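Asker: Hey, dropping target23.pdb in here, PDB, C-alpha atoms:
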```
ATOM      1  CA  MET A   1      58.149  52.974  -4.046
ATOM      2  CA  MET A   2      58.945  56.274  -5.632
ATOM      3  CA  GLY A   3      62.297  57.001  -7.146
ATOM      4  CA  ASN A   4      64.243  58.719  -9.806
ATOM      5  CA  THR A   5      67.796  57.665 -10.517
ATOM      6  CA  HIS A   6      68.483  55.169  -7.721
ATOM      7  CA  MET A   7      65.422  52.973  -7.899
ATOM      8  CA  ASN A   8      66.670  50.213  -5.643
ATOM      9  CA  ASP A   9      68.281  52.124  -2.786
ATOM     10  CA  SER A  10      65.027  52.146  -0.896
ATOM     11  CA  PHE A  11      61.561  50.669  -0.834
ATOM     12  CA  VAL A  12      58.607  52.486   0.735
ATOM     13  CA  TYR A  13      55.174  50.998   1.337
ATOM     14  CA  VAL A  14      52.232  52.882   2.821
ATOM     15  CA  THR A  15      49.024  51.205   3.904
ATOM     16  CA  TYR A  16      45.955  52.399   5.794
ATOM     17  CA  ILE A  17      44.387  49.976   8.254
ATOM     18  CA  TYR A  18      41.239  50.088  10.414
ATOM     19  CA  THR A  19      42.903  49.378  13.737
ATOM     20  CA  THR A  20      44.914  50.997  16.525
ATOM     21  CA  PRO A  21      48.643  51.857  16.612
ATOM     22  CA  GLN A  22      49.087  49.423  19.520
ATOM     23  CA  LYS A  23      47.682  46.527  17.484
ATOM     24  CA  VAL A  24      50.037  47.297  14.598
ATOM     25  CA  TRP A  25      52.959  47.499  17.023
ATOM     26  CA  ASP A  26      51.984  44.188  18.626
ATOM     27  CA  ALA A  27      51.519  42.579  15.212
ATOM     28  CA  ILE A  28      55.123  43.412  14.327
ATOM     29  CA  THR A  29      56.778  42.727  17.673
ATOM     30  CA  LYS A  30      54.886  39.827  19.289
ATOM     31  CA  PRO A  31      55.980  36.453  17.886
ATOM     32  CA  GLU A  32      52.589  34.705  18.181
ATOM     33  CA  PHE A  33      50.895  37.655  16.438
ATOM     34  CA  ALA A  34      53.431  37.936  13.597
ATOM     35  CA  HIS A  35      53.157  34.209  12.991
ATOM     36  CA  LEU A  36      49.461  34.628  12.051
ATOM     37  CA  TYR A  37      50.100  36.790   8.959
ATOM     38  CA  TRP A  38      53.894  36.827   8.355
ATOM     39  CA  MET A  39      54.198  33.068   8.950
ATOM     40  CA  HIS A  40      57.496  33.884  10.681
ATOM     41  CA  THR A  41      58.202  35.546  14.006
ATOM     42  CA  ASN A  42      60.157  38.561  15.201
ATOM     43  CA  VAL A  43      61.893  38.035  18.526
ATOM     44  CA  SER A  44      63.512  40.707  20.722
ATOM     45  CA  ASP A  45      62.914  42.751  23.851
ATOM     46  CA  TRP A  46      62.622  45.690  21.384
ATOM     47  CA  LYS A  47      64.870  47.991  23.395
ATOM     48  CA  LYS A  48      67.344  50.287  21.693
ATOM     49  CA  GLY A  49      70.601  48.430  21.154
ATOM     50  CA  SER A  50      69.071  44.974  21.577
ATOM     51  CA  ARG A  51      69.412  42.187  19.036
ATOM     52  CA  TRP A  52      66.328  41.039  17.119
ATOM     53  CA  GLU A  53      65.788  37.885  15.108
ATOM     54  CA  HIS A  54      63.382  37.060  12.290
ATOM     55  CA  ARG A  55      62.786  33.342  12.848
ATOM     56  CA  HIS A  56      61.149  30.783  10.595
ATOM     57  CA  GLY A  57      57.610  29.992  11.700
ATOM     58  CA  ASP A  58      57.857  26.250  11.003
ATOM     59  CA  GLY A  59      58.969  25.553  14.573
ATOM     60  CA  SER A  60      62.636  25.103  13.670
ATOM     61  CA  GLY A  61      63.468  28.545  14.997
ATOM     62  CA  LYS A  62      65.831  29.001  12.065
ATOM     63  CA  VAL A  63      67.065  32.593  11.926
ATOM     64  CA  LEU A  64      66.226  34.086   8.515
ATOM     65  CA  ILE A  65      67.266  37.680   9.242
ATOM     66  CA  ASP A  66      68.797  39.335  12.277
ATOM     67  CA  GLY A  67      69.867  42.777  13.348
ATOM     68  CA  THR A  68      69.904  45.471  15.992
ATOM     69  CA  VAL A  69      67.145  47.713  17.310
ATOM     70  CA  LEU A  70      68.236  51.275  16.422
ATOM     71  CA  GLU A  71      65.166  53.143  17.707
ATOM     72  CA  SER A  72      62.145  51.980  19.658
ATOM     73  CA  ASP A  73      59.207  54.223  20.525
ATOM     74  CA  PRO A  74      56.183  51.964  21.095
ATOM     75  CA  PRO A  75      53.655  52.073  19.505
ATOM     76  CA  ARG A  76      54.799  54.772  17.056
ATOM     77  CA  ARG A  77      58.171  53.999  15.580
ATOM     78  CA  LEU A  78      60.618  51.118  15.316
ATOM     79  CA  VAL A  79      63.922  51.218  13.423
ATOM     80  CA  ILE A  80      65.970  48.038  12.993
ATOM     81  CA  THR A  81      68.919  46.853  10.975
ATOM     82  CA  TRP A  82      68.185  43.955   8.603
ATOM     83  CA  THR A  83      71.068  41.537   8.104
ATOM     84  CA  ARG A  84      71.466  38.232   6.305
ATOM     85  CA  PRO A  85      72.254  35.610   8.975
ATOM     86  CA  ASP A  86      75.578  34.746   7.317
ATOM     87  CA  HIS A  87      76.472  38.452   7.407
ATOM     88  CA  SER A  88      77.710  38.143   3.811
ATOM     89  CA  GLN A  89      76.447  41.649   3.059
ATOM     90  CA  ALA A  90      76.289  44.855   5.068
ATOM     91  CA  PRO A  91      72.900  45.370   6.754
ATOM     92  CA  SER A  92      70.021  47.352   5.338
ATOM     93  CA  ARG A  93      67.572  49.239   7.541
ATOM     94  CA  VAL A  94      63.824  49.004   8.161
ATOM     95  CA  THR A  95      61.719  51.779   9.693
ATOM     96  CA  PHE A  96      58.130  51.248  10.798
ATOM     97  CA  ASP A  97      56.180  54.498  11.312
ATOM     98  CA  ILE A  98      52.730  54.027  12.841
ATOM     99  CA  ALA A  99      50.485  57.121  12.808
ATOM    100  CA  ASP A 100      46.852  57.867  13.604
ATOM    101  CA  TYR A 101      44.881  58.908  10.543
ATOM    102  CA  SER A 102      41.371  60.271  10.097
ATOM    103  CA  GLY A 103      38.319  58.030  10.207
ATOM    104  CA  GLY A 104      39.691  55.530  12.712
ATOM    105  CA  LEU A 105      42.529  54.497  10.415
ATOM    106  CA  VAL A 106      46.182  53.908  11.136
ATOM    107  CA  CYS A 107      48.720  54.892   8.488
ATOM    108  CA  LEU A 108      51.582  52.399   8.499
ATOM    109  CA  THR A 109      54.695  53.349   6.529
ATOM    110  CA  VAL A 110      57.436  50.772   6.074
ATOM    111  CA  THR A 111      60.690  52.172   4.705
ATOM    112  CA  HIS A 112      63.374  49.645   3.824
ATOM    113  CA  ASP A 113      66.506  51.510   2.789
ATOM    114  CA  GLN A 114      70.305  51.305   2.600
ATOM    115  CA  LEU A 115      69.846  48.567   0.011
ATOM    116  CA  ALA A 116      72.095  49.824  -2.783
ATOM    117  CA  HIS A 117      74.865  47.326  -2.021
ATOM    118  CA  ASP A 118      72.543  44.302  -1.965
ATOM    119  CA  GLN A 119      70.314  44.222  -5.044
ATOM    120  CA  ALA A 120      69.275  40.615  -4.429
ATOM    121  CA  MET A 121      67.864  41.668  -1.059
ATOM    122  CA  ALA A 122      66.280  44.779  -2.639
ATOM    123  CA  SER A 123      64.466  42.559  -5.116
ATOM    124  CA  SER A 124      63.426  40.053  -2.455
ATOM    125  CA  ILE A 125      61.971  42.578  -0.042
ATOM    126  CA  ALA A 126      60.142  44.463  -2.835
ATOM    127  CA  GLY A 127      58.187  41.260  -3.432
ATOM    128  CA  GLY A 128      57.831  40.336   0.224
ATOM    129  CA  TRP A 129      56.634  43.522   1.928
ATOM    130  CA  PRO A 130      53.425  43.892  -0.156
ATOM    131  CA  LYS A 131      52.482  40.277   0.669
ATOM    132  CA  VAL A 132      53.199  40.642   4.385
ATOM    133  CA  LEU A 133      51.558  44.041   4.781
ATOM    134  CA  SER A 134      48.472  43.106   2.715
ATOM    135  CA  ASN A 135      48.053  40.045   4.918
ATOM    136  CA  LEU A 136      48.522  42.136   8.067
ATOM    137  CA  LYS A 137      45.754  44.496   6.921
ATOM    138  CA  SER A 138      43.422  41.581   6.167
ATOM    139  CA  LEU A 139      44.092  39.999   9.557
ATOM    140  CA  LEU A 140      43.455  43.214  11.508
ATOM    141  CA  GLU A 141      40.325  44.119   9.531
ATOM    142  CA  THR A 142      38.715  40.726   8.945
ATOM    143  CA  GLY A 143      40.335  38.355  11.453
ATOM    144  CA  ARG A 144      41.550  36.174   8.607
ATOM    145  CA  ALA A 145      44.946  35.800   6.962
ATOM    146  CA  GLU A 146      46.349  33.587   4.209
ATOM    147  CA  ASN A 147      49.418  31.389   4.075
ATOM    148  CA  ILE A 148      51.238  33.852   1.855
ATOM    149  CA  TRP A 149      54.410  31.876   1.174
ATOM    150  CA  LEU A 150      52.567  28.879  -0.301
ATOM    151  CA  THR A 151      51.455  29.571  -3.849
ATOM    152  CA  LYS A 152      49.700  26.550  -5.300
ATOM    153  CA  ASN A 153      49.628  28.090  -8.770
ATOM    154  CA  LYS A 154      53.371  28.441  -8.992
ATOM    155  CA  GLU A 155      54.993  25.738  -6.937
ATOM    156  CA  GLY A 156      52.357  23.031  -6.703
TER     157      GLY A 156
ATOM    158  CA  MET B   1      62.928  50.911 -16.050
ATOM    159  CA  ASP B   2      63.663  54.298 -17.537
ATOM    160  CA  MET B   3      66.209  55.817 -15.193
ATOM    161  CA  ALA B   4      65.492  59.364 -16.404
ATOM    162  CA  GLY B   5      61.856  59.300 -15.346
ATOM    163  CA  SER B   6      59.683  59.147 -12.245
ATOM    164  CA  SER B   7      57.761  56.126 -11.146
ATOM    165  CA  PHE B   8      55.415  54.907  -8.461
ATOM    166  CA  ILE B   9      54.891  51.179  -7.983
ATOM    167  CA  TYR B  10      52.371  49.650  -5.590
ATOM    168  CA  VAL B  11      51.320  46.044  -5.135
ATOM    169  CA  THR B  12      48.445  44.845  -3.000
ATOM    170  CA  TYR B  13      46.838  41.442  -2.491
ATOM    171  CA  ILE B  14      43.052  41.360  -2.183
ATOM    172  CA  ARG B  15      40.907  38.436  -1.071
ATOM    173  CA  ALA B  16      38.449  38.639  -3.978
ATOM    174  CA  PRO B  17      38.128  37.052  -7.426
ATOM    175  CA  GLN B  18      40.152  38.717 -10.168
ATOM    176  CA  GLN B  19      37.005  39.633 -12.136
ATOM    177  CA  THR B  20      35.583  41.351  -9.052
ATOM    178  CA  VAL B  21      38.737  43.435  -8.642
ATOM    179  CA  TRP B  22      38.616  44.330 -12.350
ATOM    180  CA  ASP B  23      34.975  45.402 -12.036
ATOM    181  CA  ALA B  24      35.753  47.453  -8.917
ATOM    182  CA  LEU B  25      38.486  49.285 -10.847
ATOM    183  CA  THR B  26      36.487  49.923 -14.013
ATOM    184  CA  LYS B  27      32.797  50.265 -13.102
ATOM    185  CA  GLN B  28      31.524  53.659 -11.953
ATOM    186  CA  GLU B  29      29.125  52.352  -9.320
ATOM    187  CA  PHE B  30      32.052  50.585  -7.588
ATOM    188  CA  GLN B  31      34.551  53.428  -8.052
ATOM    189  CA  LYS B  32      32.219  55.849  -6.251
ATOM    190  CA  MET B  33      32.346  53.623  -3.165
ATOM    191  CA  TYR B  34      36.085  53.947  -2.491
ATOM    192  CA  TRP B  35      37.666  56.517  -4.893
ATOM    193  CA  PHE B  36      36.796  59.682  -2.902
ATOM    194  CA  GLY B  37      33.365  59.639  -4.530
ATOM    195  CA  GLY B  38      34.874  60.077  -7.994
ATOM    196  CA  HIS B  39      34.261  58.026 -11.081
ATOM    197  CA  GLN B  40      35.766  57.354 -14.489
ATOM    198  CA  GLU B  41      34.141  57.325 -17.904
ATOM    199  CA  SER B  42      35.462  54.905 -20.483
ATOM    200  CA  ASP B  43      34.438  51.747 -22.307
ATOM    201  CA  TRP B  44      37.919  50.399 -21.395
ATOM    202  CA  LYS B  45      38.757  49.358 -24.958
ATOM    203  CA  ALA B  46      42.125  50.127 -26.561
ATOM    204  CA  GLY B  47      42.002  53.507 -28.298
ATOM    205  CA  SER B  48      38.963  54.749 -26.341
ATOM    206  CA  PRO B  49      38.921  57.983 -24.345
ATOM    207  CA  TRP B  50      39.230  57.866 -20.556
ATOM    208  CA  LYS B  51      38.095  60.600 -18.155
ATOM    209  CA  MET B  52      38.069  60.939 -14.374
ATOM    210  CA  TYR B  53      35.626  63.150 -12.474
ATOM    211  CA  MET B  54      35.706  64.103  -8.795
ATOM    212  CA  PRO B  55      32.727  65.645  -6.945
ATOM    213  CA  ALA B  56      34.600  68.785  -5.867
ATOM    214  CA  HIS B  57      36.480  69.469  -9.118
ATOM    215  CA  GLY B  58      34.570  67.992 -12.051
ATOM    216  CA  LEU B  59      36.982  66.711 -14.692
ATOM    217  CA  THR B  60      40.323  66.045 -12.994
ATOM    218  CA  ASP B  61      42.198  63.740 -15.382
ATOM    219  CA  SER B  62      41.812  62.539 -18.936
ATOM    220  CA  GLY B  63      43.527  60.470 -21.564
ATOM    221  CA  GLU B  64      43.168  57.279 -23.500
ATOM    222  CA  ILE B  65      43.142  53.526 -23.035
ATOM    223  CA  VAL B  66      46.390  52.335 -24.634
ATOM    224  CA  GLU B  67      46.045  48.604 -23.983
ATOM    225  CA  SER B  68      43.194  46.583 -22.537
ATOM    226  CA  ASP B  69      43.032  42.895 -21.698
ATOM    227  CA  PRO B  70      40.170  42.401 -19.204
ATOM    228  CA  PRO B  71      40.471  41.226 -16.458
ATOM    229  CA  ASN B  72      44.272  41.069 -16.605
ATOM    230  CA  ARG B  73      45.757  44.350 -17.718
ATOM    231  CA  VAL B  74      44.955  47.884 -18.746
ATOM    232  CA  VAL B  75      47.295  50.733 -19.693
ATOM    233  CA  ILE B  76      46.038  54.319 -19.440
ATOM    234  CA  LYS B  77      47.611  57.417 -21.014
ATOM    235  CA  TRP B  78      46.829  59.802 -18.176
ATOM    236  CA  ARG B  79      47.059  63.587 -17.884
ATOM    237  CA  ASN B  80      45.957  65.784 -15.022
ATOM    238  CA  GLU B  81      43.452  68.447 -16.151
ATOM    239  CA  PHE B  82      42.760  70.669 -13.158
ATOM    240  CA  ARG B  83      46.130  71.562 -11.638
ATOM    241  CA  PRO B  84      48.062  73.658 -14.179
ATOM    242  CA  GLN B  85      51.528  72.655 -12.990
ATOM    243  CA  LEU B  86      50.594  68.967 -13.315
ATOM    244  CA  LYS B  87      48.790  69.375 -16.645
ATOM    245  CA  GLU B  88      51.922  71.057 -17.993
ATOM    246  CA  GLU B  89      53.879  67.840 -17.443
ATOM    247  CA  GLY B  90      51.762  66.121 -20.090
ATOM    248  CA  TYR B  91      50.825  62.464 -20.213
ATOM    249  CA  SER B  92      51.841  59.866 -17.681
ATOM    250  CA  ARG B  93      51.364  56.131 -18.126
ATOM    251  CA  CYS B  94      49.427  54.029 -15.645
ATOM    252  CA  VAL B  95      49.611  50.244 -15.926
ATOM    253  CA  MET B  96      47.202  48.143 -13.849
ATOM    254  CA  GLU B  97      47.955  44.425 -13.756
ATOM    255  CA  LEU B  98      45.851  41.733 -12.086
ATOM    256  CA  ALA B  99      46.769  38.115 -11.418
ATOM    257  CA  THR B 100      45.185  35.310  -9.441
ATOM    258  CA  GLU B 101      47.350  33.747  -6.713
ATOM    259  CA  ASP B 102      45.429  31.085  -4.804
ATOM    260  CA  ASP B 103      42.507  32.828  -3.083
ATOM    261  CA  LEU B 104      43.952  36.291  -3.649
ATOM    262  CA  THR B 105      44.165  38.733  -6.521
ATOM    263  CA  LYS B 106      47.515  40.442  -6.905
ATOM    264  CA  LEU B 107      46.966  44.007  -8.112
ATOM    265  CA  SER B 108      50.005  45.965  -9.327
ATOM    266  CA  ILE B 109      49.890  49.651 -10.219
ATOM    267  CA  THR B 110      52.852  51.200 -12.055
ATOM    268  CA  HIS B 111      52.441  54.912 -12.687
ATOM    269  CA  THR B 112      55.300  56.539 -14.598
ATOM    270  CA  MET B 113      56.265  59.799 -16.263
ATOM    271  CA  ASP B 114      59.196  60.402 -18.621
ATOM    272  CA  LYS B 115      60.373  63.315 -16.506
ATOM    273  CA  GLU B 116      62.502  63.482 -13.383
ATOM    274  CA  ASN B 117      60.853  64.713 -10.177
ATOM    275  CA  SER B 118      57.403  64.591 -11.730
ATOM    276  CA  GLN B 119      54.852  66.435  -9.584
ATOM    277  CA  LEU B 120      52.096  64.270 -11.030
ATOM    278  CA  VAL B 121      53.876  61.097  -9.918
ATOM    279  CA  GLN B 122      54.466  62.680  -6.519
ATOM    280  CA  ALA B 123      50.744  63.507  -6.262
ATOM    281  CA  VAL B 124      49.541  60.046  -7.234
ATOM    282  CA  SER B 125      52.099  58.483  -4.865
ATOM    283  CA  GLY B 126      50.040  59.935  -2.022
ATOM    284  CA  GLY B 127      46.680  59.036  -3.530
ATOM    285  CA  TRP B 128      47.190  55.454  -4.673
ATOM    286  CA  PRO B 129      47.909  53.937  -1.225
ATOM    287  CA  ARG B 130      44.728  55.523   0.187
ATOM    288  CA  ILE B 131      42.594  54.415  -2.766
ATOM    289  CA  LEU B 132      44.004  50.896  -2.929
ATOM    290  CA  SER B 133      43.850  50.408   0.858
ATOM    291  CA  SER B 134      40.199  51.435   0.728
ATOM    292  CA  LEU B 135      39.507  49.219  -2.302
ATOM    293  CA  LYS B 136      40.961  46.233  -0.435
ATOM    294  CA  THR B 137      38.854  46.957   2.644
ATOM    295  CA  PHE B 138      35.756  47.504   0.473
ATOM    296  CA  LEU B 139      36.137  44.135  -1.264
ATOM    297  CA  GLU B 140      37.080  42.210   1.888
ATOM    298  CA  THR B 141      34.585  43.717   4.341
ATOM    299  CA  GLY B 142      31.849  45.320   2.214
ATOM    300  CA  ALA B 143      32.545  48.905   3.333
ATOM    301  CA  ALA B 144      35.299  51.257   2.186
ATOM    302  CA  HIS B 145      37.327  53.570   4.421
ATOM    303  CA  PRO B 146      35.160  56.550   5.491
ATOM    304  CA  ASP B 147      37.599  59.180   4.192
ATOM    305  CA  THR B 148      37.556  57.769   0.667
ATOM    306  CA  ARG B 149      33.798  57.417   0.277
ATOM    307  CA  GLY B 150      31.789  60.029  -1.610
ATOM    308  CA  ALA B 151      30.087  62.889   0.264
ATOM    309  CA  ALA B 152      26.683  61.233  -0.098
ATOM    310  CA  GLU B 153      28.056  57.984   1.316
ATOM    311  CA  GLN B 154      29.722  59.744   4.265
ATOM    312  CA  LYS B 155      26.445  61.350   5.368
ATOM    313  CA  LYS B 156      24.716  58.003   5.708
TER     314      LYS B 156
END
```
Just give me the structure as structure tokens.

Answerer:
Amino acid sequence: MMGNTHMNDSFVYVTYIYTTPQKVWDAITKPEFAHLYWMHTNVSDWKKGSRWEHRHGDGSGKVLIDGTVLESDPPRRLVITWTRPDHSQAPSRVTFDIADYSGGLVCLTVTHDQLAHDQAMASSIAGGWPKVLSNLKSLLETGRAENIWLTKNKEG
Amino acid sequence: MDMAGSSFIYVTYIRAPQQTVWDALTKQEFQKMYWFGGHQESDWKAGSPWKMYMPAHGLTDSGEIVESDPPNRVVIKWRNEFRPQLKEEGYSRCVMELATEDDLTKLSITHTMDKENSQLVQAVSGGWPRILSSLKTFLETGAAHPDTRGAAEQKK
């Protein structure tokens, strides 16, 4: 995150991963893949204009976040709106940019913006994205991920 | 957060003990493995000098350890020394914080400058994600990203 006066309008996270753009795309868009490191799933046909749902991975299928696919260019770029399921706030927006980088690396940039009106969401996602994207990198590079939403130290 | 300044914040979770992450950040033989072949000279005690050297440029950055609480926290007063327009900005402040969360170490870097649109903060905003991605890979797999290893390492 880099900012000057409006710190919480947007959140940007860049990570470099030993993998292929297609694997990163699949990890975001295929429910069984996302479940391995995000613990939740993302469900859609990922076509422009389609609805997408971020569903709880506990089997309940509870919708945690939903939205609309604004742009879809597999495996390079995905832009979605990000809405609380009760629609109590206007949506924010998430952009995934997936680029080849030198040395067999993929540069993944996640930009979560249009957050100025929802500071609670801005705070929540600033904590969440580093956990999710660190776990994604571990999974793709080592085959192993952690249950990132269970913290024994804090919640017993 | 000082609204008149510039800041870069990055959080990553690494599957390694906190002491190992601390050692990787502060010991030269580890730094050379993933920090573009560069290394830092300091005894990492509050009030001590701190200097960074890169193979292609020699001394690149220097300053002082402001606070040190191994293996939890270190604060560096940090000035660029080899790019005149960055050196002119004066001292930035880099806070590295480590915390153990289950089997992971949470590493947070907050690099700030009391100046809007800081070029130094812009420069480190590009560097930190590459360095910290490579550090994570190095500690989780045993080998850093090729593009961040030193020249001698790359030839192997």

Asker: Rounded to one decimal, what separation in Å do you get between CA of Arg51 (chain A) and CA of Gly67 (chain A)?

Answerer: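 Separation between CA of Arg51 (chain A) and CA of Gly67 (chain A): 5.7 Å.
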
Asker: So what does the PyMOL selection byres ((chain B and resi 90-97) around 9) actually pick up in this one, as a list of chain:residue names?

Answerer: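 For this structure, the PyMOL selection byres ((chain B and resi 90-97) around 9) resolves to B:Gly63, B:Glu67, B:Pro71, B:Asn72, B:Arg73, B:Val74, B:Val75, B:Ile76, B:Lys77, B:Trp78, B:Arg79, B:Asn80, B:Leu86, B:Lys87, B:Glu88, B:Glu89, B:Leu98, B:Ala99, B:Lys106, B:Leu107, B:Ser108, B:Ile109, B:Thr110, B:His111, B:Thr112, B:Met113, B:Asp114, B:Leu120, B:Val121.
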
Asker: Evaluate the PyMOL selection byres ((chain B) within 7 of (chain A)) against this structure - the residues, as a PyMOL selection string, please.

Answerer: chain B and resi 3-13+101-102+116-117+129-130+133+141+146-147

Asker: Output C-alpha atoms of each residue in that selection to a file, as a short mmCIF file (atom, residue, chain, number, x, y, z; two decimals), keeping the file's coordinate frame.

Answerer:
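Here's the written file out_39.cif:
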```cif
data_model
loop_
_atom_site.label_atom_id
_atom_site.label_comp_id
_atom_site.auth_asym_id
_atom_site.auth_seq_id
_atom_site.Cartn_x
_atom_site.Cartn_y
_atom_site.Cartn_z
CA MET B 3 66.21 55.82 -15.19
CA ALA B 4 65.49 59.36 -16.40
CA GLY B 5 61.86 59.30 -15.35
CA SER B 6 59.68 59.15 -12.24
CA SER B 7 57.76 56.13 -11.15
CA PHE B 8 55.42 54.91 -8.46
CA ILE B 9 54.89 51.18 -7.98
CA TYR B 10 52.37 49.65 -5.59
CA VAL B 11 51.32 46.04 -5.14
CA THR B 12 48.44 44.84 -3.00
CA TYR B 13 46.84 41.44 -2.49
CA GLU B 101 47.35 33.75 -6.71
CA ASP B 102 45.43 31.08 -4.80
CA GLU B 116 62.50 63.48 -13.38
CA ASN B 117 60.85 64.71 -10.18
CA PRO B 129 47.91 53.94 -1.23
CA ARG B 130 44.73 55.52 0.19
CA SER B 133 43.85 50.41 0.86
CA THR B 141 34.58 43.72 4.34
CA PRO B 146 35.16 56.55 5.49
CA ASP B 147 37.60 59.18 4.19
#
```

Asker: Using Å and a single decimal, report how far CA of Arg93 (chain A) sits from CA of Asp118 (chain A).

Answerer: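 Taking CA of Asp118 (chain A) and CA of Arg93 (chain A), their separation equals 11.8 Å.
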
Asker: Which residues come within 6 Å of region 25-42 of chain A, counting only C-alpha atoms, excluding same-chain residues fewer than 2 positions away, as a list in words?

Answerer: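 Everything that qualifies: Gln22, Lys23, Glu53, His54, Arg55, His56, Gly57, Pro75, Val132, Asn135, Leu136 and Ala145 of chain A.
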
Asker: Could you save the residues just selected, with C-alpha atoms, as a PDB file, in the coordinates of the input?

Answerer:
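See result_1.pdb below for the written result:
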```
ATOM      1  CA  GLN A  22      49.087  49.423  19.520  1.00  0.00           C
ATOM      2  CA  LYS A  23      47.682  46.527  17.484  1.00  0.00           C
ATOM      3  CA  GLU A  53      65.788  37.885  15.108  1.00  0.00           C
ATOM      4  CA  HIS A  54      63.382  37.060  12.290  1.00  0.00           C
ATOM      5  CA  ARG A  55      62.786  33.342  12.848  1.00  0.00           C
ATOM      6  CA  HIS A  56      61.149  30.783  10.595  1.00  0.00           C
ATOM      7  CA  GLY A  57      57.610  29.992  11.700  1.00  0.00           C
ATOM      8  CA  PRO A  75      53.655  52.073  19.505  1.00  0.00           C
ATOM      9  CA  VAL A 132      53.199  40.642   4.385  1.00  0.00           C
ATOM     10  CA  ASN A 135      48.053  40.045   4.918  1.00  0.00           C
ATOM     11  CA  LEU A 136      48.522  42.136   8.067  1.00  0.00           C
ATOM     12  CA  ALA A 145      44.946  35.800   6.962  1.00  0.00           C
TER      13      ALA A 145
END
```

Asker: For the atom pair CA of Phe82 (chain B) and CA of Glu41 (chain B), what is the interatomic distance in Å to one decimal place?

Answerer: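 It comes out at 16.6 Å.
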
Asker: List as a PDB file with C-alpha atoms, in the frame of the given file the protein and nucleic acid residues near Trp52 (chain A), meaning an atom at most 10 Å away when all atoms listed in the file are counted, but skip any in the same chain fewer than 2 places from it.

Answerer:
```pdb
ATOM      1  CA  THR A  29      56.778  42.727  17.673  1.00  0.00           C
ATOM      2  CA  ASN A  42      60.157  38.561  15.201  1.00  0.00           C
ATOM      3  CA  VAL A  43      61.893  38.035  18.526  1.00  0.00           C
ATOM      4  CA  SER A  44      63.512  40.707  20.722  1.00  0.00           C
ATOM      5  CA  ASP A  45      62.914  42.751  23.851  1.00  0.00           C
ATOM      6  CA  TRP A  46      62.622  45.690  21.384  1.00  0.00           C
ATOM      7  CA  LYS A  47      64.870  47.991  23.395  1.00  0.00           C
ATOM      8  CA  GLY A  49      70.601  48.430  21.154  1.00  0.00           C
ATOM      9  CA  SER A  50      69.071  44.974  21.577  1.00  0.00           C
ATOM     10  CA  HIS A  54      63.382  37.060  12.290  1.00  0.00           C
ATOM     11  CA  ARG A  55      62.786  33.342  12.848  1.00  0.00           C
ATOM     12  CA  VAL A  63      67.065  32.593  11.926  1.00  0.00           C
ATOM     13  CA  ILE A  65      67.266  37.680   9.242  1.00  0.00           C
ATOM     14  CA  ASP A  66      68.797  39.335  12.277  1.00  0.00           C
ATOM     15  CA  GLY A  67      69.867  42.777  13.348  1.00  0.00           C
ATOM     16  CA  THR A  68      69.904  45.471  15.992  1.00  0.00           C
ATOM     17  CA  VAL A  69      67.145  47.713  17.310  1.00  0.00           C
ATOM     18  CA  ILE A  80      65.970  48.038  12.993  1.00  0.00           C
ATOM     19  CA  THR A  81      68.919  46.853  10.975  1.00  0.00           C
ATOM     20  CA  TRP A  82      68.185  43.955   8.603  1.00  0.00           C
TER      21      TRP A  82
END
```

Asker: Find the residues near Thr60 (chain B): any atom within 8 Å, counting all atoms listed in the file, skip ones fewer than 6 places away on the same chain, and give them as a VMD selection string.

Answerer: chain B and resid 51 to 54 80 to 82
